[in-house]
Amino acid sequence: MPDSAPSKNVASHANVRVEAWTFDVGDAGKTIDSFAEHVIHQVETSWASGVDIVLLPEYLWAALEPLLPGKDADMDDIAKVVWVDLMPRLKQHLSRKGKHAVLGTAPYLDPSTRHLYNRAIIFSDGRLLHQDKLFLTPWEHEFHAGKELYVFEMSGLRVAIIICLDIEVPELSARLRGLNIDLLLVPSATETLYGSERVTRCASARAIELGCAVVVCPLVGKCDSSMVNVNLGKIGLYLPALKAFEAYDRTEDTRLVHQGWHSLRVEVPEAVIHEAHLRRKETNPSQLSVSLTPDEVQIDESARTPPKKAVRKERM
């Protein structure tokens with residue numbers, strides 16, 4: 001049975017319910033059809049239990065690679081299976097008014113440029129939307145970086161989908177400053193403890209900087225894939241450190257997960273977040289305006305001089 005961890009946060013009818021599920025790429029079905037059915041079932045089950053927004057991990061669909069026919073399957077082949085073969089079925093089941101789901105990410109092949117993108121699949125209120133990953137790791141050399149960051153409305157919240165490494169880039173947070181972002185959804189795929197720590201610790205920082213909730217969802221398990229062979233991470237919710245959130249657990253995360261099906265269902269307090277956006281008599285970094293250009297950053301001359309190399313003295 002999946003390991004579901006309910007949120008300790010105060011429940012309220014005004015809260016938006018978000019459920020993040022790990023996805024074990026080593027136990028996701030023996031065929032492409034069973035893989036897709038598992039994803040659909042997971043989302044529909046969460047929705048049926050009262051969840052408004054479902055979040056699944058980055059590179060979820062890359063785990064299809066060993067299930068494709070032939071030994072030379074690549075990211076282009078996965079892109080075709082997901083966006084051409086499976087998309088009609090996904091739309092049929094998951095295009096639902098009032099419900100939202102981020103189905104992790106999949107390779108997407110732009111038909112005009114033939115460029116591959118690491119693209120989040122987003123079903124929101126009956127619409128099919130997307131967000132491309134903006135910053136790429138060294139081993140994502142097959143992909144092109146996305147150029148646009150979108151902000152969506154989901155269940156009364158202003159939401160951005162920030163994919164894995166993107167959450168580690170504070171310049172993105174700076175671009176979102178002043179937009180009253182309510183929620184960041186972070187699908188991730190990390191293979192080491194250090195990668196997981198970078199994502200979760202930066203997610204917590206973004207919650208402080210933007211005065212918003214941040215939910216992180218990692219890929220887990222082992223898979224015979226060129227992109228996602230080993231995966232681990234923590235599911236987490238991070239809230240701003242502000243008085244408005246005094247009654248809430250401002251940091252909730254699971255243990256480090258290596259495999260299996262685990263979830264964290266959280267209550268994102270819509271009214272409290274909106275109230276915090278309006279408060280002006282409390283230290284709140286999200287309300288600050290900073291627009292320093294490189295020319296306005298003054299560097300002390302001593303910092304421009306490279307340090308002298310230390311001379312090693314041998315013991316006599």
# chains A, B, ... in the order shown; residues from 1 in each chain; ligands from 1
>>> residues_around(residues="Asp24 in chain A", least_positions_apart="5", cutoff="8 Å", atoms="only C-alpha atoms", output="PDB file with N, CA, C and O atoms, in the first residue's frame")
ATOM      1  N   LEU A 219      11.249  12.263  -7.615  1.00  0.00           N
ATOM      2  CA  LEU A 219      11.237  10.945  -8.233  1.00  0.00           C
ATOM      3  C   LEU A 219      12.042   9.990  -7.355  1.00  0.00           C
ATOM      4  O   LEU A 219      13.021  10.396  -6.728  1.00  0.00           O
ATOM      5  N   VAL A 220      11.631   8.710  -7.296  1.00  0.00           N
ATOM      6  CA  VAL A 220      12.376   7.726  -6.512  1.00  0.00           C
ATOM      7  C   VAL A 220      12.488   6.424  -7.302  1.00  0.00           C
ATOM      8  O   VAL A 220      11.842   6.229  -8.321  1.00  0.00           O
ATOM      9  N   GLY A 221      13.344   5.512  -6.811  1.00  0.00           N
ATOM     10  CA  GLY A 221      13.469   4.197  -7.411  1.00  0.00           C
ATOM     11  C   GLY A 221      14.613   4.088  -8.406  1.00  0.00           C
ATOM     12  O   GLY A 221      15.294   5.063  -8.713  1.00  0.00           O
ATOM     13  N   LYS A 222      14.818   2.871  -8.897  1.00  0.00           N
ATOM     14  CA  LYS A 222      15.876   2.580  -9.864  1.00  0.00           C
ATOM     15  C   LYS A 222      15.254   2.146 -11.177  1.00  0.00           C
ATOM     16  O   LYS A 222      14.268   1.408 -11.207  1.00  0.00           O
ATOM     17  N   GLN A 259      12.729   4.520  -2.496  1.00  0.00           N
ATOM     18  CA  GLN A 259      11.865   3.740  -3.384  1.00  0.00           C
ATOM     19  C   GLN A 259      10.464   3.661  -2.781  1.00  0.00           C
ATOM     20  O   GLN A 259      10.240   4.044  -1.633  1.00  0.00           O
ATOM     21  N   GLY A 260       9.523   3.167  -3.583  1.00  0.00           N
ATOM     22  CA  GLY A 260       8.170   2.973  -3.097  1.00  0.00           C
ATOM     23  C   GLY A 260       7.268   4.170  -3.380  1.00  0.00           C
ATOM     24  O   GLY A 260       7.683   5.178  -3.946  1.00  0.00           O
ATOM     25  N   TRP A 261       6.017   4.029  -2.960  1.00  0.00           N
ATOM     26  CA  TRP A 261       4.990   5.037  -3.224  1.00  0.00           C
ATOM     27  C   TRP A 261       4.678   5.756  -1.920  1.00  0.00           C
ATOM     28  O   TRP A 261       4.192   5.175  -0.961  1.00  0.00           O
TER      29      TRP A 261
END
>>> closest_atom_pairs(of="range 66-125 of chain A", to="range 194-217 of chain A", cutoff="12 Å", atoms="only C-alpha atoms", output="JSON lines")
{"residue": "A:Val102", "atom": "CA", "partner": "A:Cys217", "partner_atom": "CA", "distance": 10.4}
{"residue": "A:Leu103", "atom": "CA", "partner": "A:Cys217", "partner_atom": "CA", "distance": 11.0}
{"residue": "A:Gly104", "atom": "CA", "partner": "A:Cys217", "partner_atom": "CA", "distance": 8.9}
{"residue": "A:Thr105", "atom": "CA", "partner": "A:Cys217", "partner_atom": "CA", "distance": 11.8}
>>> closest_residue(among="A:Lys281, A:His115, A:Arg265, A:His130", to="Phe143 in chain A", atoms="only C-alpha atoms")
A:His115
>>> atom_distance(atom1="CA of Leu278 in chain A", atom2="CA of Glu252 in chain A")
24.7 Å
>>> atom_distance(atom1="CA of Pro107 in chain A", atom2="CA of Thr192 in chain A")
22.1 Å
>>> residues_around(residues="Leu165 in chain A", least_positions_apart="2", cutoff="8 Å", atoms="only C-alpha atoms", output="PyMOL selection string")
chain A and resi 135-137+163+167-169+188+199
>>> atom_distance(atom1="CA of His100 in chain A", atom2="CA of Leu129 in chain A")
10.5 Å
>>> residues_around(residues="Leu288 in chain A", least_positions_apart="3", cutoff="9 Å", atoms="only C-alpha atoms", output="mmCIF file with N, CA, C and O atoms, in the first residue's frame")
data_model
loop_
_atom_site.group_PDB
_atom_site.id
_atom_site.type_symbol
_atom_site.label_atom_id
_atom_site.label_comp_id
_atom_site.auth_asym_id
_atom_site.auth_seq_id
_atom_site.Cartn_x
_atom_site.Cartn_y
_atom_site.Cartn_z
ATOM 1 N N ARG A 177 9.183 38.263 -7.634
ATOM 2 C CA ARG A 177 8.928 39.177 -6.523
ATOM 3 C C ARG A 177 7.938 40.264 -6.950
ATOM 4 O O ARG A 177 8.015 40.814 -8.042
ATOM 5 N N GLY A 178 7.006 40.554 -6.068
ATOM 6 C CA GLY A 178 6.020 41.590 -6.342
ATOM 7 C C GLY A 178 4.783 41.105 -7.068
ATOM 8 O O GLY A 178 3.839 41.874 -7.272
ATOM 9 N N ASN A 284 9.212 41.262 5.969
ATOM 10 C CA ASN A 284 8.764 40.317 4.944
ATOM 11 C C ASN A 284 9.556 40.579 3.665
ATOM 12 O O ASN A 284 9.287 41.547 2.949
ATOM 13 N N PRO A 285 10.558 39.750 3.361
ATOM 14 C CA PRO A 285 11.406 39.981 2.175
ATOM 15 C C PRO A 285 10.627 40.066 0.869
ATOM 16 O O PRO A 285 11.083 40.718 -0.080
#
>>> closest_residue(among="A:Cys223, A:Leu242, A:Val266, A:Val257", to="Glu282 in chain A", atoms="only C-alpha atoms")
A:Leu242
>>> select_by_dssp(residues="range 117-197 of chain A", states="strand (DSSP E)", output="MDAnalysis selection string")
chainID A and resid 117:124 127:132 152:154 157:161 183:188
>>> select_by_dssp(residues="range 75-282 of chain A", states="helix (DSSP H, G or I)", output="ChimeraX atom specification")
/A:75-94,164-168,170-176,193-210,243-245,270-278
>>> residues_around(residues="Tyr59 in chain A", least_positions_apart="2", cutoff="10 Å", atoms="only C-alpha atoms", output="compact mmCIF listing (two decimals) with N, CA and C atoms, in the first residue's frame")
# COMPACT_ATOMS: atom_id res chain seq x y z
N PHE A 23 7.07 8.80 -7.20
CA PHE A 23 6.76 7.84 -8.27
C PHE A 23 7.94 6.91 -8.39
N VAL A 25 10.05 4.62 -10.20
CA VAL A 25 10.25 4.30 -11.61
C VAL A 25 10.62 2.83 -11.83
N LEU A 56 3.19 15.42 -9.28
CA LEU A 56 4.03 14.26 -9.52
C LEU A 56 5.42 14.72 -9.93
N PRO A 57 6.44 13.85 -9.87
CA PRO A 57 7.84 14.29 -9.97
C PRO A 57 8.34 14.57 -11.39
N TRP A 61 8.00 10.58 -16.88
CA TRP A 61 7.75 9.88 -18.14
C TRP A 61 9.03 9.39 -18.80
N ALA A 62 10.18 9.87 -18.36
CA ALA A 62 11.44 9.34 -18.89
C ALA A 62 11.61 7.88 -18.49
N ALA A 63 10.90 7.46 -17.43
CA ALA A 63 10.98 6.07 -16.99
C ALA A 63 10.32 5.11 -17.98
N LEU A 64 9.69 5.64 -19.02
CA LEU A 64 9.14 4.77 -20.07
C LEU A 64 10.24 4.18 -20.95
N LEU A 103 1.65 16.52 -13.97
CA LEU A 103 2.03 15.12 -14.21
C LEU A 103 3.54 14.98 -14.41
N GLY A 104 4.30 15.60 -13.53
CA GLY A 104 5.74 15.54 -13.66
C GLY A 104 6.19 16.18 -14.95
N THR A 105 7.30 15.67 -15.50
CA THR A 105 7.80 16.20 -16.77
C THR A 105 8.08 15.06 -17.74
N ALA A 106 8.12 15.43 -19.02
CA ALA A 106 8.42 14.47 -20.09
C ALA A 106 9.23 15.19 -21.15
N PRO A 107 10.04 14.45 -21.93
CA PRO A 107 10.69 15.08 -23.08
C PRO A 107 9.63 15.56 -24.07
N ASN A 118 12.57 19.70 -21.54
CA ASN A 118 12.09 18.97 -20.37
C ASN A 118 10.84 19.70 -19.91
N ARG A 119 9.68 19.18 -20.27
CA ARG A 119 8.41 19.92 -20.15
C ARG A 119 7.48 19.31 -19.12
N ALA A 120 6.97 20.16 -18.22
CA ALA A 120 5.96 19.74 -17.26
C ALA A 120 4.61 19.67 -17.96
N ILE A 163 10.86 23.76 -11.90
CA ILE A 163 11.30 22.38 -12.08
C ILE A 163 12.72 22.19 -11.54
N PRO A 187 8.36 19.88 -9.05
CA PRO A 187 8.68 18.50 -9.40
C PRO A 187 10.19 18.35 -9.53
N SER A 188 10.76 17.30 -8.91
CA SER A 188 12.22 17.18 -8.92
C SER A 188 12.65 15.76 -9.19
N ALA A 189 13.91 15.60 -9.59
CA ALA A 189 14.55 14.29 -9.75
C ALA A 189 16.01 14.45 -9.36
N PRO A 218 9.70 14.53 -5.23
CA PRO A 218 10.84 13.90 -5.91
C PRO A 218 10.49 12.58 -6.59
N LEU A 219 11.25 12.26 -7.62
CA LEU A 219 11.24 10.95 -8.23
C LEU A 219 12.04 9.99 -7.35
N MET A 227 18.43 8.62 -18.29
CA MET A 227 18.21 9.88 -17.58
C MET A 227 17.90 9.69 -16.10
N VAL A 228 17.23 8.61 -15.73
CA VAL A 228 16.70 8.49 -14.36
C VAL A 228 17.02 7.13 -13.75
>>> closest_residue(among="A:Gly26, A:Gly156, A:Pro88, A:Pro69", to="Asp182 in chain A", atoms="only C-alpha atoms")
A:Gly156
>>> residues_around(residues="Leu94 in chain A", least_positions_apart="4", cutoff="12 Å", atoms="only C-alpha atoms", output="JSON, numbers by chain")
{"A": [36, 37, 39, 40, 41, 42, 43, 44, 45, 46, 47, 53, 54, 87, 88, 89, 90, 98, 99, 100, 101, 102, 103, 121, 122, 123, 124, 125, 126, 127, 128]}
>>> write_last_selection(atoms="C-alpha atoms", output="PDB file, in the first residue's frame")
ATOM      1  CA  ALA A  36      -0.085   5.450 -18.056  1.00  0.00           C
ATOM      2  CA  GLU A  37      -3.021   3.826 -16.270  1.00  0.00           C
ATOM      3  CA  VAL A  39      -0.560   7.733 -13.388  1.00  0.00           C
ATOM      4  CA  ILE A  40      -4.210   8.330 -14.269  1.00  0.00           C
ATOM      5  CA  HIS A  41      -5.433   6.187 -11.381  1.00  0.00           C
ATOM      6  CA  GLN A  42      -3.181   7.981  -8.901  1.00  0.00           C
ATOM      7  CA  VAL A  43      -4.453  11.409  -9.905  1.00  0.00           C
ATOM      8  CA  GLU A  44      -8.111  10.407 -10.068  1.00  0.00           C
ATOM      9  CA  THR A  45      -7.907   8.699  -6.656  1.00  0.00           C
ATOM     10  CA  SER A  46      -6.419  11.827  -5.083  1.00  0.00           C
ATOM     11  CA  TRP A  47      -9.050  14.042  -6.669  1.00  0.00           C
ATOM     12  CA  ILE A  53      -3.982  19.878  -6.899  1.00  0.00           C
ATOM     13  CA  VAL A  54      -1.884  16.731  -7.509  1.00  0.00           C
ATOM     14  CA  MET A  87      -2.027  12.413 -24.624  1.00  0.00           C
ATOM     15  CA  PRO A  88      -5.550  11.687 -25.950  1.00  0.00           C
ATOM     16  CA  ARG A  89      -6.083   9.226 -23.080  1.00  0.00           C
ATOM     17  CA  LEU A  90      -4.646  11.640 -20.514  1.00  0.00           C
ATOM     18  CA  GLY A  98     -12.076  22.633 -10.863  1.00  0.00           C
ATOM     19  CA  LYS A  99      -9.213  20.130 -10.594  1.00  0.00           C
ATOM     20  CA  HIS A 100      -5.495  20.474 -11.277  1.00  0.00           C
ATOM     21  CA  ALA A 101      -2.541  18.116 -11.755  1.00  0.00           C
ATOM     22  CA  VAL A 102       1.128  18.469 -12.639  1.00  0.00           C
ATOM     23  CA  LEU A 103       2.030  15.117 -14.210  1.00  0.00           C
ATOM     24  CA  ILE A 121       2.537  18.399 -18.250  1.00  0.00           C
ATOM     25  CA  ILE A 122      -0.144  20.462 -16.507  1.00  0.00           C
ATOM     26  CA  PHE A 123      -3.872  19.781 -16.457  1.00  0.00           C
ATOM     27  CA  SER A 124      -5.658  22.755 -14.929  1.00  0.00           C
ATOM     28  CA  ASP A 125      -9.398  23.345 -14.822  1.00  0.00           C
ATOM     29  CA  GLY A 126      -9.956  21.376 -18.026  1.00  0.00           C
ATOM     30  CA  ARG A 127      -7.002  22.922 -19.886  1.00  0.00           C
ATOM     31  CA  LEU A 128      -3.700  21.377 -20.982  1.00  0.00           C
TER      32      LEU A 128
END
>>> residues_around(residues="Pro111 in chain A", least_positions_apart="4", cutoff="12 Å", atoms="only C-alpha atoms", output="list in words")
Asp76, Ala79, Lys80, Trp83, Val84, His115, Leu116 and Tyr117 of chain A
>>> write_last_selection(atoms="N, CA, C and O atoms", output="PDB file, in the first residue's frame")
ATOM      1  N   ASP A  76      13.567  11.239 -28.020  1.00  0.00           N
ATOM      2  CA  ASP A  76      12.611  11.543 -29.093  1.00  0.00           C
ATOM      3  C   ASP A  76      11.482  10.525 -29.114  1.00  0.00           C
ATOM      4  O   ASP A  76      10.310  10.877 -29.304  1.00  0.00           O
ATOM      5  N   ALA A  79       9.146  11.158 -26.253  1.00  0.00           N
ATOM      6  CA  ALA A  79       8.322  12.332 -26.544  1.00  0.00           C
ATOM      7  C   ALA A  79       7.135  11.962 -27.418  1.00  0.00           C
ATOM      8  O   ALA A  79       5.997  12.398 -27.169  1.00  0.00           O
ATOM      9  N   LYS A  80       7.361  11.147 -28.437  1.00  0.00           N
ATOM     10  CA  LYS A  80       6.261  10.751 -29.315  1.00  0.00           C
ATOM     11  C   LYS A  80       5.222   9.931 -28.555  1.00  0.00           C
ATOM     12  O   LYS A  80       4.013  10.150 -28.702  1.00  0.00           O
ATOM     13  N   TRP A  83       3.342  12.524 -25.995  1.00  0.00           N
ATOM     14  CA  TRP A  83       2.585  13.656 -26.516  1.00  0.00           C
ATOM     15  C   TRP A  83       1.681  13.289 -27.699  1.00  0.00           C
ATOM     16  O   TRP A  83       0.740  14.040 -28.001  1.00  0.00           O
ATOM     17  N   VAL A  84       1.948  12.160 -28.343  1.00  0.00           N
ATOM     18  CA  VAL A  84       1.117  11.744 -29.475  1.00  0.00           C
ATOM     19  C   VAL A  84       0.245  10.553 -29.101  1.00  0.00           C
ATOM     20  O   VAL A  84      -0.987  10.590 -29.261  1.00  0.00           O
ATOM     21  N   HIS A 115      13.892  20.876 -31.401  1.00  0.00           N
ATOM     22  CA  HIS A 115      14.553  20.978 -30.113  1.00  0.00           C
ATOM     23  C   HIS A 115      13.778  20.190 -29.064  1.00  0.00           C
ATOM     24  O   HIS A 115      12.542  20.212 -29.037  1.00  0.00           O
ATOM     25  N   LEU A 116      14.527  19.519 -28.178  1.00  0.00           N
ATOM     26  CA  LEU A 116      13.908  18.796 -27.062  1.00  0.00           C
ATOM     27  C   LEU A 116      13.870  19.694 -25.834  1.00  0.00           C
ATOM     28  O   LEU A 116      14.824  20.411 -25.531  1.00  0.00           O
ATOM     29  N   TYR A 117      12.753  19.621 -25.107  1.00  0.00           N
ATOM     30  CA  TYR A 117      12.603  20.361 -23.860  1.00  0.00           C
ATOM     31  C   TYR A 117      12.161  19.401 -22.758  1.00  0.00           C
ATOM     32  O   TYR A 117      11.466  18.410 -23.016  1.00  0.00           O
TER      33      TYR A 117
END
>>> decode(residues="range 120-136 of chain A", atoms="C-alpha atoms", output="mmCIF file, in the first residue's frame")
data_model
loop_
_atom_site.group_PDB
_atom_site.id
_atom_site.type_symbol
_atom_site.label_atom_id
_atom_site.label_comp_id
_atom_site.auth_asym_id
_atom_site.auth_seq_id
_atom_site.Cartn_x
_atom_site.Cartn_y
_atom_site.Cartn_z
ATOM 1 C CA ALA A 120 5.956 19.743 -17.265
ATOM 2 C CA ILE A 121 2.537 18.399 -18.250
ATOM 3 C CA ILE A 122 -0.144 20.462 -16.507
ATOM 4 C CA PHE A 123 -3.872 19.781 -16.457
ATOM 5 C CA SER A 124 -5.658 22.755 -14.929
ATOM 6 C CA ASP A 125 -9.398 23.345 -14.822
ATOM 7 C CA GLY A 126 -9.956 21.376 -18.026
ATOM 8 C CA ARG A 127 -7.002 22.922 -19.886
ATOM 9 C CA LEU A 128 -3.700 21.377 -20.982
ATOM 10 C CA LEU A 129 -0.825 23.724 -20.052
ATOM 11 C CA HIS A 130 2.943 23.371 -19.794
ATOM 12 C CA GLN A 131 6.122 24.738 -18.250
ATOM 13 C CA ASP A 132 9.599 24.039 -19.630
ATOM 14 C CA LYS A 133 12.629 23.658 -17.390
ATOM 15 C CA LEU A 134 14.668 26.850 -17.619
ATOM 16 C CA PHE A 135 18.084 25.775 -16.254
ATOM 17 C CA LEU A 136 19.644 22.456 -17.189
#
